[in-house]
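Student: Input upload23.cif, format and content: mmCIF, C-alpha atoms.
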```cif
data_upload
#
loop_
_atom_site.group_PDB
_atom_site.id
_atom_site.type_symbol
_atom_site.label_atom_id
_atom_site.label_comp_id
_atom_site.auth_asym_id
_atom_site.auth_seq_id
_atom_site.Cartn_x
_atom_site.Cartn_y
_atom_site.Cartn_z
ATOM 1 C CA MET D 1 143.626 19.698 96.550
ATOM 2 C CA HIS D 2 143.312 23.337 97.647
ATOM 3 C CA ALA D 3 140.279 23.879 95.418
ATOM 4 C CA ALA D 4 138.634 20.850 96.994
ATOM 5 C CA ARG D 5 139.396 22.245 100.450
ATOM 6 C CA LEU D 6 137.726 25.563 99.568
ATOM 7 C CA THR D 7 134.712 23.738 98.138
ATOM 8 C CA GLU D 8 134.444 21.487 101.170
ATOM 9 C CA ALA D 9 134.537 24.519 103.460
ATOM 10 C CA GLY D 10 131.696 26.179 101.551
ATOM 11 C CA VAL D 11 133.392 29.534 100.971
ATOM 12 C CA SER D 12 131.708 32.022 98.649
ATOM 13 C CA PHE D 13 133.270 33.672 95.621
ATOM 14 C CA GLY D 14 132.609 36.763 93.544
ATOM 15 C CA HIS D 15 135.467 39.070 94.530
ATOM 16 C CA GLY D 16 137.705 38.439 91.555
ATOM 17 C CA THR D 17 137.004 34.757 90.975
ATOM 18 C CA THR D 18 133.825 32.749 90.491
ATOM 19 C CA ASN D 19 134.938 29.238 91.468
ATOM 20 C CA ALA D 20 137.166 27.286 93.831
ATOM 21 C CA PHE D 21 139.802 26.346 91.243
ATOM 22 C CA ASP D 22 140.482 29.929 90.164
ATOM 23 C CA GLU D 23 140.503 31.120 93.783
ATOM 24 C CA ALA D 24 142.967 28.408 94.814
ATOM 25 C CA ALA D 25 145.204 29.165 91.825
ATOM 26 C CA TRP D 26 145.186 32.878 92.707
ATOM 27 C CA LEU D 27 146.181 32.244 96.312
ATOM 28 C CA VAL D 28 148.857 29.682 95.448
ATOM 29 C CA LEU D 29 150.482 31.858 92.778
ATOM 30 C CA TRP D 30 150.348 34.962 94.968
ATOM 31 C CA ARG D 31 151.815 33.211 98.009
ATOM 32 C CA CYS D 32 154.640 31.818 95.849
ATOM 33 C CA GLY D 33 155.372 35.239 94.374
ATOM 34 C CA LEU D 34 154.435 34.180 90.849
ATOM 35 C CA PRO D 35 152.487 36.226 88.281
ATOM 36 C CA LEU D 36 148.763 35.532 88.481
ATOM 37 C CA ASP D 37 148.644 34.720 84.769
ATOM 38 C CA SER D 38 151.468 32.157 84.944
ATOM 39 C CA LEU D 39 149.518 29.078 86.046
ATOM 40 C CA ASP D 40 150.039 27.079 82.859
ATOM 41 C CA GLU D 41 153.817 27.489 82.730
ATOM 42 C CA ASN D 42 154.168 26.737 86.455
ATOM 43 C CA ALA D 43 151.595 23.962 86.739
ATOM 44 C CA GLU D 44 154.242 21.207 86.944
ATOM 45 C CA GLU D 45 156.517 23.056 89.370
ATOM 46 C CA GLU D 46 157.111 21.286 92.677
ATOM 47 C CA LEU D 47 156.868 23.416 95.780
ATOM 48 C CA ASP D 48 159.309 22.986 98.646
ATOM 49 C CA ALA D 49 158.158 22.288 102.175
ATOM 50 C CA GLU D 50 158.163 25.953 103.155
ATOM 51 C CA ASP D 51 156.055 27.001 100.155
ATOM 52 C CA LEU D 52 153.631 24.147 100.779
ATOM 53 C CA ALA D 53 153.216 25.206 104.410
ATOM 54 C CA ASN D 54 152.749 28.862 103.474
ATOM 55 C CA VAL D 55 150.127 28.024 100.853
ATOM 56 C CA ALA D 56 148.256 25.722 103.228
ATOM 57 C CA SER D 57 148.270 28.432 105.885
ATOM 58 C CA LEU D 58 146.862 31.004 103.440
ATOM 59 C CA ILE D 59 144.115 28.649 102.287
ATOM 60 C CA GLU D 60 143.148 27.989 105.894
ATOM 61 C CA GLU D 61 143.127 31.732 106.622
ATOM 62 C CA ARG D 62 140.777 32.231 103.658
ATOM 63 C CA ILE D 63 138.462 29.613 105.111
ATOM 64 C CA SER D 64 138.591 30.611 108.768
ATOM 65 C CA SER D 65 138.379 34.370 108.260
ATOM 66 C CA ARG D 66 135.848 34.244 105.392
ATOM 67 C CA LYS D 67 137.550 37.377 104.071
ATOM 68 C CA PRO D 68 137.628 37.842 100.283
ATOM 69 C CA ALA D 69 140.952 36.700 98.852
ATOM 70 C CA ALA D 70 141.636 40.269 97.717
ATOM 71 C CA TYR D 71 141.792 41.376 101.350
ATOM 72 C CA LEU D 72 144.358 38.674 102.107
ATOM 73 C CA THR D 73 146.545 39.556 99.116
ATOM 74 C CA GLN D 74 145.723 43.290 99.305
ATOM 75 C CA GLU D 75 145.474 43.225 95.538
ATOM 76 C CA ALA D 76 142.588 43.193 93.070
ATOM 77 C CA TRP D 77 142.571 43.327 89.287
ATOM 78 C CA LEU D 78 140.117 45.032 86.939
ATOM 79 C CA GLN D 79 140.574 44.693 83.183
ATOM 80 C CA GLY D 80 144.175 43.623 83.667
ATOM 81 C CA VAL D 81 145.042 46.609 85.869
ATOM 82 C CA PRO D 82 146.209 45.935 89.452
ATOM 83 C CA PHE D 83 144.796 47.862 92.409
ATOM 84 C CA TYR D 84 145.623 47.970 96.092
ATOM 85 C CA VAL D 85 142.698 47.111 98.355
ATOM 86 C CA ASP D 86 142.088 46.456 102.044
ATOM 87 C CA GLU D 87 139.128 46.281 104.418
ATOM 88 C CA ARG D 88 138.626 50.053 104.307
ATOM 89 C CA SER D 89 137.010 49.816 100.875
ATOM 90 C CA ILE D 90 134.862 47.411 98.902
ATOM 91 C CA VAL D 91 136.688 44.916 96.680
ATOM 92 C CA PRO D 92 136.490 46.439 93.164
ATOM 93 C CA ARG D 93 134.448 44.370 90.702
ATOM 94 C CA SER D 94 132.301 46.880 88.829
ATOM 95 C CA PHE D 95 131.001 45.877 85.396
ATOM 96 C CA ILE D 96 131.433 49.518 84.394
ATOM 97 C CA ALA D 97 135.123 48.637 84.064
ATOM 98 C CA GLU D 98 134.223 46.414 81.102
ATOM 99 C CA LEU D 99 132.395 49.266 79.388
ATOM 100 C CA ILE D 100 135.390 51.559 79.803
ATOM 101 C CA ALA D 101 137.785 48.921 78.468
ATOM 102 C CA ASP D 102 135.731 47.849 75.440
ATOM 103 C CA ALA D 103 134.854 51.462 74.475
ATOM 104 C CA SER D 104 131.088 50.887 74.878
ATOM 105 C CA ILE D 105 130.759 54.307 76.495
ATOM 106 C CA ASP D 106 132.810 56.122 73.856
ATOM 107 C CA ALA D 107 129.870 56.525 71.461
ATOM 108 C CA TRP D 108 128.199 58.762 74.048
ATOM 109 C CA LEU D 109 131.258 60.991 74.396
ATOM 110 C CA SER D 110 132.723 63.613 72.067
ATOM 111 C CA ASP D 111 135.822 65.695 71.455
ATOM 112 C CA GLU D 112 134.402 68.130 74.004
ATOM 113 C CA THR D 113 134.351 65.559 76.807
ATOM 114 C CA GLN D 114 136.677 66.957 79.449
ATOM 115 C CA ASP D 115 135.287 66.303 82.911
ATOM 116 C CA VAL D 116 134.433 62.890 84.360
ATOM 117 C CA LEU D 117 133.172 61.958 87.816
ATOM 118 C CA ASP D 118 133.527 58.584 89.515
ATOM 119 C CA LEU D 119 130.873 58.742 92.241
ATOM 120 C CA CYS D 120 131.151 56.215 95.111
ATOM 121 C CA THR D 121 134.722 55.635 93.997
ATOM 122 C CA GLY D 122 135.714 53.196 96.741
ATOM 123 C CA ASN D 123 139.353 52.300 96.123
ATOM 124 C CA GLY D 124 139.453 54.580 93.079
ATOM 125 C CA SER D 125 139.642 51.848 90.460
ATOM 126 C CA LEU D 126 137.051 53.244 88.028
ATOM 127 C CA ALA D 127 138.571 56.718 88.303
ATOM 128 C CA VAL D 128 141.976 55.299 87.414
ATOM 129 C CA LEU D 129 140.592 53.223 84.523
ATOM 130 C CA ALA D 130 138.757 56.279 83.172
ATOM 131 C CA ALA D 131 141.906 58.401 83.338
ATOM 132 C CA LEU D 132 143.893 55.686 81.572
ATOM 133 C CA ALA D 133 141.253 55.150 78.878
ATOM 134 C CA TRP D 134 140.693 58.846 78.143
ATOM 135 C CA PRO D 135 144.045 60.630 78.588
ATOM 136 C CA GLU D 136 142.518 64.013 77.730
ATOM 137 C CA VAL D 137 139.967 64.112 80.577
ATOM 138 C CA ARG D 138 140.060 65.321 84.164
ATOM 139 C CA VAL D 139 138.522 63.012 86.751
ATOM 140 C CA ASP D 140 136.931 63.741 90.113
ATOM 141 C CA ALA D 141 136.382 60.822 92.483
ATOM 142 C CA ILE D 142 133.880 61.153 95.342
ATOM 143 C CA ASP D 143 133.185 58.891 98.296
ATOM 144 C CA LEU D 144 131.472 59.360 101.638
ATOM 145 C CA SER D 145 134.105 57.227 103.371
ATOM 146 C CA ALA D 146 137.361 58.934 104.271
ATOM 147 C CA ASP D 147 138.831 55.458 104.808
ATOM 148 C CA ALA D 148 137.957 54.407 101.257
ATOM 149 C CA LEU D 149 139.483 57.603 99.907
ATOM 150 C CA ALA D 150 142.726 56.820 101.739
ATOM 151 C CA VAL D 151 142.851 53.572 99.760
ATOM 152 C CA ALA D 152 141.953 55.439 96.574
ATOM 153 C CA ARG D 153 144.857 57.822 97.203
ATOM 154 C CA ILE D 154 147.248 54.856 97.177
ATOM 155 C CA ASN D 155 145.947 53.742 93.775
ATOM 156 C CA VAL D 156 145.898 57.215 92.242
ATOM 157 C CA ASP D 157 149.507 57.763 93.296
ATOM 158 C CA THR D 158 150.630 54.261 92.295
ATOM 159 C CA HIS D 159 149.314 54.784 88.782
ATOM 160 C CA GLY D 160 150.910 58.215 88.544
ATOM 161 C CA LEU D 161 147.648 60.158 88.222
ATOM 162 C CA PRO D 162 147.546 62.712 91.079
ATOM 163 C CA ASP D 163 147.546 65.589 88.570
ATOM 164 C CA ARG D 164 144.476 64.282 86.747
ATOM 165 C CA ILE D 165 142.360 62.697 89.496
ATOM 166 C CA THR D 166 140.956 64.789 92.347
ATOM 167 C CA LEU D 167 139.599 62.968 95.402
ATOM 168 C CA LEU D 168 136.626 64.563 97.186
ATOM 169 C CA GLN D 169 134.980 63.425 100.408
ATOM 170 C CA GLY D 170 131.273 63.778 101.081
ATOM 171 C CA ASP D 171 127.751 62.449 100.640
ATOM 172 C CA GLY D 172 126.556 61.892 97.081
ATOM 173 C CA LEU D 173 127.063 64.882 94.815
ATOM 174 C CA ALA D 174 127.364 67.341 97.709
ATOM 175 C CA PRO D 175 131.156 67.781 97.268
ATOM 176 C CA ALA D 176 130.603 68.626 93.581
ATOM 177 C CA VAL D 177 129.075 72.055 94.256
ATOM 178 C CA GLY D 178 129.454 74.176 91.139
ATOM 179 C CA ARG D 179 131.017 71.315 89.175
ATOM 180 C CA VAL D 180 129.575 70.032 85.891
ATOM 181 C CA TYR D 181 130.564 66.759 84.222
ATOM 182 C CA ASP D 182 130.311 65.322 80.743
ATOM 183 C CA LEU D 183 130.222 61.807 82.181
ATOM 184 C CA ILE D 184 129.313 60.476 85.612
ATOM 185 C CA LEU D 185 130.203 56.885 86.487
ATOM 186 C CA CYS D 186 128.530 55.458 89.559
ATOM 187 C CA ASN D 187 128.593 52.047 91.217
ATOM 188 C CA PRO D 188 126.557 52.962 94.318
ATOM 189 C CA PRO D 189 125.269 50.992 97.303
ATOM 190 C CA TYR D 190 122.258 49.235 95.755
ATOM 191 C CA VAL D 191 121.719 45.935 97.604
ATOM 192 C CA ASN D 192 118.148 45.708 98.903
ATOM 193 C CA SER D 193 117.563 44.986 102.599
ATOM 194 C CA GLN D 194 116.391 41.396 102.111
ATOM 195 C CA SER D 195 119.473 40.557 100.047
ATOM 196 C CA MET D 196 121.693 42.298 102.601
ATOM 197 C CA ALA D 197 120.315 40.019 105.306
ATOM 198 C CA ASN D 198 121.233 36.967 103.239
ATOM 199 C CA LEU D 199 124.739 37.974 102.119
ATOM 200 C CA PRO D 200 127.529 35.400 102.578
ATOM 201 C CA ALA D 201 130.216 36.192 105.136
ATOM 202 C CA GLU D 202 132.667 37.282 102.419
ATOM 203 C CA TYR D 203 130.376 40.153 101.466
ATOM 204 C CA ARG D 204 129.665 41.047 105.080
ATOM 205 C CA ALA D 205 133.432 41.482 105.490
ATOM 206 C CA GLU D 206 133.173 44.536 103.228
ATOM 207 C CA PRO D 207 132.047 47.981 104.435
ATOM 208 C CA GLU D 208 128.250 47.883 104.717
ATOM 209 C CA LEU D 209 128.172 51.524 103.657
ATOM 210 C CA ALA D 210 129.287 50.489 100.169
ATOM 211 C CA LEU D 211 126.576 47.863 99.756
ATOM 212 C CA ALA D 212 123.335 48.639 101.593
ATOM 213 C CA GLY D 213 120.810 50.517 99.458
ATOM 214 C CA GLY D 214 117.758 50.481 101.713
ATOM 215 C CA HIS D 215 114.508 48.518 101.441
ATOM 216 C CA ASP D 216 114.483 48.333 97.634
ATOM 217 C CA GLY D 217 118.139 49.181 97.072
ATOM 218 C CA MET D 218 117.264 52.535 95.535
ATOM 219 C CA ASP D 219 117.840 54.958 98.433
ATOM 220 C CA PHE D 220 121.075 56.409 97.055
ATOM 221 C CA VAL D 221 119.892 56.190 93.449
ATOM 222 C CA ARG D 222 116.797 58.326 94.111
ATOM 223 C CA GLY D 223 118.884 61.188 95.410
ATOM 224 C CA LEU D 224 121.406 60.785 92.615
ATOM 225 C CA LEU D 225 118.883 60.915 89.779
ATOM 226 C CA ALA D 226 117.193 63.946 91.319
ATOM 227 C CA SER D 227 120.396 65.955 91.607
ATOM 228 C CA ALA D 228 122.392 64.638 88.633
ATOM 229 C CA PRO D 229 120.994 67.020 85.949
ATOM 230 C CA GLU D 230 122.531 70.097 87.594
ATOM 231 C CA HIS D 231 125.920 68.363 87.533
ATOM 232 C CA LEU D 232 125.743 67.134 83.929
ATOM 233 C CA SER D 233 126.692 69.193 80.897
ATOM 234 C CA GLU D 234 124.139 69.690 78.119
ATOM 235 C CA HIS D 235 124.977 66.382 76.456
ATOM 236 C CA GLY D 236 126.214 64.691 79.614
ATOM 237 C CA VAL D 237 125.417 61.084 80.528
ATOM 238 C CA LEU D 238 125.267 59.019 83.688
ATOM 239 C CA VAL D 239 126.438 55.396 83.662
ATOM 240 C CA LEU D 240 124.916 53.621 86.661
ATOM 241 C CA GLU D 241 125.417 50.095 87.974
ATOM 242 C CA ILE D 242 122.483 48.526 89.827
ATOM 243 C CA GLY D 243 123.481 44.864 90.020
ATOM 244 C CA ASN D 244 120.536 42.511 90.382
ATOM 245 C CA GLU D 245 118.102 45.303 91.164
ATOM 246 C CA ARG D 246 116.637 46.066 87.704
ATOM 247 C CA GLU D 247 113.125 45.139 88.864
ATOM 248 C CA PHE D 248 113.346 47.549 91.789
ATOM 249 C CA PHE D 249 114.900 50.236 89.583
ATOM 250 C CA GLU D 250 112.104 50.050 87.021
ATOM 251 C CA ALA D 251 109.492 50.090 89.779
ATOM 252 C CA ALA D 252 111.063 53.219 91.273
ATOM 253 C CA PHE D 253 111.527 55.022 87.926
ATOM 254 C CA PRO D 254 108.848 53.589 85.631
ATOM 255 C CA GLN D 255 108.892 56.398 83.050
ATOM 256 C CA LEU D 256 112.623 57.075 82.892
ATOM 257 C CA GLU D 257 114.147 56.351 79.484
ATOM 258 C CA VAL D 258 117.450 54.504 79.883
ATOM 259 C CA ALA D 259 119.754 52.410 77.713
ATOM 260 C CA TRP D 260 120.764 49.069 79.206
ATOM 261 C CA MET D 261 124.407 48.247 78.491
ATOM 262 C CA GLU D 262 125.733 44.833 77.468
ATOM 263 C CA THR D 263 128.190 43.346 79.997
ATOM 264 C CA SER D 264 129.489 39.868 80.747
ATOM 265 C CA ALA D 265 126.650 39.619 83.287
ATOM 266 C CA GLY D 266 123.987 40.464 80.674
ATOM 267 C CA GLU D 267 121.963 43.601 79.983
ATOM 268 C CA ASP D 268 120.362 44.069 83.393
ATOM 269 C CA VAL D 269 123.309 45.288 85.455
ATOM 270 C CA VAL D 270 124.449 48.658 84.066
ATOM 271 C CA LEU D 271 122.355 51.415 82.499
ATOM 272 C CA LEU D 272 123.079 54.706 80.777
ATOM 273 C CA VAL D 273 120.805 57.729 81.064
ATOM 274 C CA THR D 274 121.166 61.157 79.488
ATOM 275 C CA ARG D 275 120.690 64.510 81.169
ATOM 276 C CA GLU D 276 117.830 65.146 78.750
ATOM 277 C CA ALA D 277 116.026 61.979 79.868
ATOM 278 C CA LEU D 278 116.518 62.870 83.537
ATOM 279 C CA LEU D 279 115.057 66.349 82.999
ATOM 280 C CA LYS D 280 112.126 64.922 81.037
ATOM 281 C CA ASP D 281 111.368 62.414 83.791
ATOM 282 C CA SER D 282 111.639 65.146 86.415
ATOM 283 C CA LEU D 283 109.167 67.281 84.461
ATOM 284 C CA LYS D 284 106.756 64.370 84.146
ATOM 285 C CA ASN D 285 106.846 63.764 87.880
ATOM 286 C CA SER D 286 106.370 67.469 88.588
ATOM 287 C CA LEU D 287 103.308 67.677 86.343
ATOM 288 C CA LYS D 288 101.930 64.492 87.841
ATOM 289 C CA ALA D 289 102.320 65.902 91.351
ATOM 290 C CA GLN D 290 100.553 69.159 90.338
ATOM 291 C CA ALA D 291 97.664 67.190 88.821
ATOM 292 C CA GLN D 292 97.168 65.353 92.074
#
```
For the file at hand, write its structure as structure tokens.
Tutor:
Amino acid sequence: MHAARLTEAGVSFGHGTTNAFDEAAWLVLWRCGLPLDSLDENAEEELDAEDLANVASLIEERISSRKPAAYLTQEAWLQGVPFYVDERSIVPRSFIAELIADASIDAWLSDETQDVLDLCTGNGSLAVLAALAWPEVRVDAIDLSADALAVARINVDTHGLPDRITLLQGDGLAPAVGRVYDLILCNPPYVNSQSMANLPAEYRAEPELALAGGHDGMDFVRGLLASAPEHLSEHGVLVLEIGNEREFFEAAFPQLEVAWMETSAGEDVVLLVTREALLKDSLKNSLKAQAQ
């Protein structure tokens, strides 16, 4: 019934669920104070009049506000780990979380890996997942938004990681002056301007700063790739999410050697690039400019 109501209302998904049934189940379980993974064992439970009214009210709020469900519950999950979230930060959904959880990145690390950066950290979820996955590393987490960092602080403290995760506020890598990392994780604003104009209301409810990447979605990425080498150790790597923008990425950086990573969304969403490849590409561009 509630799934049909969401479908009829034409809400959009993608902030933790991909369809009306899963979204309705999430909201019903949350409103009833039940674990989100307990649908099967509670499927036959009858709700009393108060619970029914509360659930109906929440479903209608989801429809009328067009806010992502995560903003209504103030909770989002990545790889089974819960995170606090509100309108001050983007709803966490990075595919980089998969690569941390399934150890896809580990092959690029070593016993000497000590310093990790989560750039554009938002609510701090990737920083927390990195600290949990690699207990021996130190993690910096940077965001331009002081509001987002306030949300990140809640998650860092909730997961008991204030001694291992340092939050820094500023634009791009500017706050990382003098800092060098063995691994940089980055899920930046990369949505191109045409796609931004066509985003459903649920995505427009999120901070535009965390989404808009300029005409081709590569505004932030250009600056990042130019400055990343000085902040990467000799064998350091950058793991970068670019969503649906692979065509624009390859047009902007046609000679850059990258490794595309396998995720549940395919091999076009997240890439890995080494410091060596970034320096080589920079040299190529420099020589090309001199020749002209």
Student: With all atoms listed in the file as the atoms that count, which of D:Ala152, D:Ala107, D:Thr158, D:Leu183 lies nearest to Val137 of chain D?
Tutor: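 Of D:Ala152, D:Ala107, D:Thr158, D:Leu183, the one nearest Val137 of chain D is D:Leu183, counting all atoms listed in the file.
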Student: Of the residues D:Ala56, D:Leu199, D:Ala76, D:Leu119, which is the one nearest to Gln169 of chain D, using all atoms listed in the file?
Tutor: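 Smallest separation from Gln169 of chain D among the options: D:Leu119.
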Student: Quick one: apply the PyMOL selection byres ((chain D and resi 163) around 12) to the file and drop the selected residues here as a VMD selection string.
Tutor: chain D and resid 128 131 135 137 to 140 153 156 to 157 159 to 162 164 to 167
Student: From the set D:Glu257, D:Asp48, D:Asp118, D:Asp216, which residue has the shortest atom-to-atom contact distance to Leu168 of chain D, counting only C-alpha atoms?
Tutor: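 Checking each candidate against Leu168 of chain D, we get D:Asp118 as the closest.
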Student: Between D:Val191, D:Ala101, D:Ile59, D:Phe21, which has the minimum distance to Thr263 of chain D (counting all atoms listed in the file)?
Tutor: D:Ala101
Student: What is the atom CA of Ser145 of chain D-atom CA of Ala201 of chain D distance in Å, reported with one decimal?
Tutor: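 Those two atoms sit 21.5 Å apart.
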Student: Give me the residues within 10 Å of Arg93 of chain D as a ChimeraX atom specification, counting all atoms listed in the file and dropping any in the same chain fewer than 5 places off.
Tutor: /D:14-17,76-79,98,125-126,187
Student: If we count all atoms listed in the file, what is near Asn192 of chain D at a cut-off of 8 Å, once residues fewer than 2 positions away on the same chain are taken out, given as a VMD selection string?
Tutor: chain D and resid 190 194 to 196 212 to 218 245
Student: Could you state which residues are captured by the PyMOL selection byres ((chain D and resi 113) around 9) in this file, as a list of chain:residue names?
Tutor: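 Applying the PyMOL selection byres ((chain D and resi 113) around 9) to the structure shown produces D:Leu109, D:Ser110, D:Asp111, D:Glu112, D:Gln114, D:Asp115, D:Val116, D:Glu136, D:Val137, D:Tyr181, D:Asp182, D:Leu183, D:Gly236.
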Student: I need the chosen residues saved as an mmCIF file, keeping the file's coordinate frame, with C-alpha atoms.
Tutor:
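The resulting again-v1.cif:
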```cif
data_model
loop_
_atom_site.group_PDB
_atom_site.id
_atom_site.type_symbol
_atom_site.label_atom_id
_atom_site.label_comp_id
_atom_site.auth_asym_id
_atom_site.auth_seq_id
_atom_site.Cartn_x
_atom_site.Cartn_y
_atom_site.Cartn_z
ATOM 1 C CA LEU D 109 131.258 60.991 74.396
ATOM 2 C CA SER D 110 132.723 63.613 72.067
ATOM 3 C CA ASP D 111 135.822 65.695 71.455
ATOM 4 C CA GLU D 112 134.402 68.130 74.004
ATOM 5 C CA GLN D 114 136.677 66.957 79.449
ATOM 6 C CA ASP D 115 135.287 66.303 82.911
ATOM 7 C CA VAL D 116 134.433 62.890 84.360
ATOM 8 C CA GLU D 136 142.518 64.013 77.730
ATOM 9 C CA VAL D 137 139.967 64.112 80.577
ATOM 10 C CA TYR D 181 130.564 66.759 84.222
ATOM 11 C CA ASP D 182 130.311 65.322 80.743
ATOM 12 C CA LEU D 183 130.222 61.807 82.181
ATOM 13 C CA GLY D 236 126.214 64.691 79.614
#
```
Student: For atom CA of Ala70 of chain D and atom CA of Leu149 of chain D, quote the distance in Å rounded to one decimal.
Tutor: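 About the pair atom CA of Ala70 of chain D and atom CA of Leu149 of chain D: they are 17.6 Å apart.
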Student: Pick the closest to Arg5 of chain D from D:Glu87, D:Glu241, D:Asp51, D:Glu60: which is it, counting all atoms listed in the file?
Tutor: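 Of the candidates, the smallest distance to Arg5 of chain D is held by D:Glu60.
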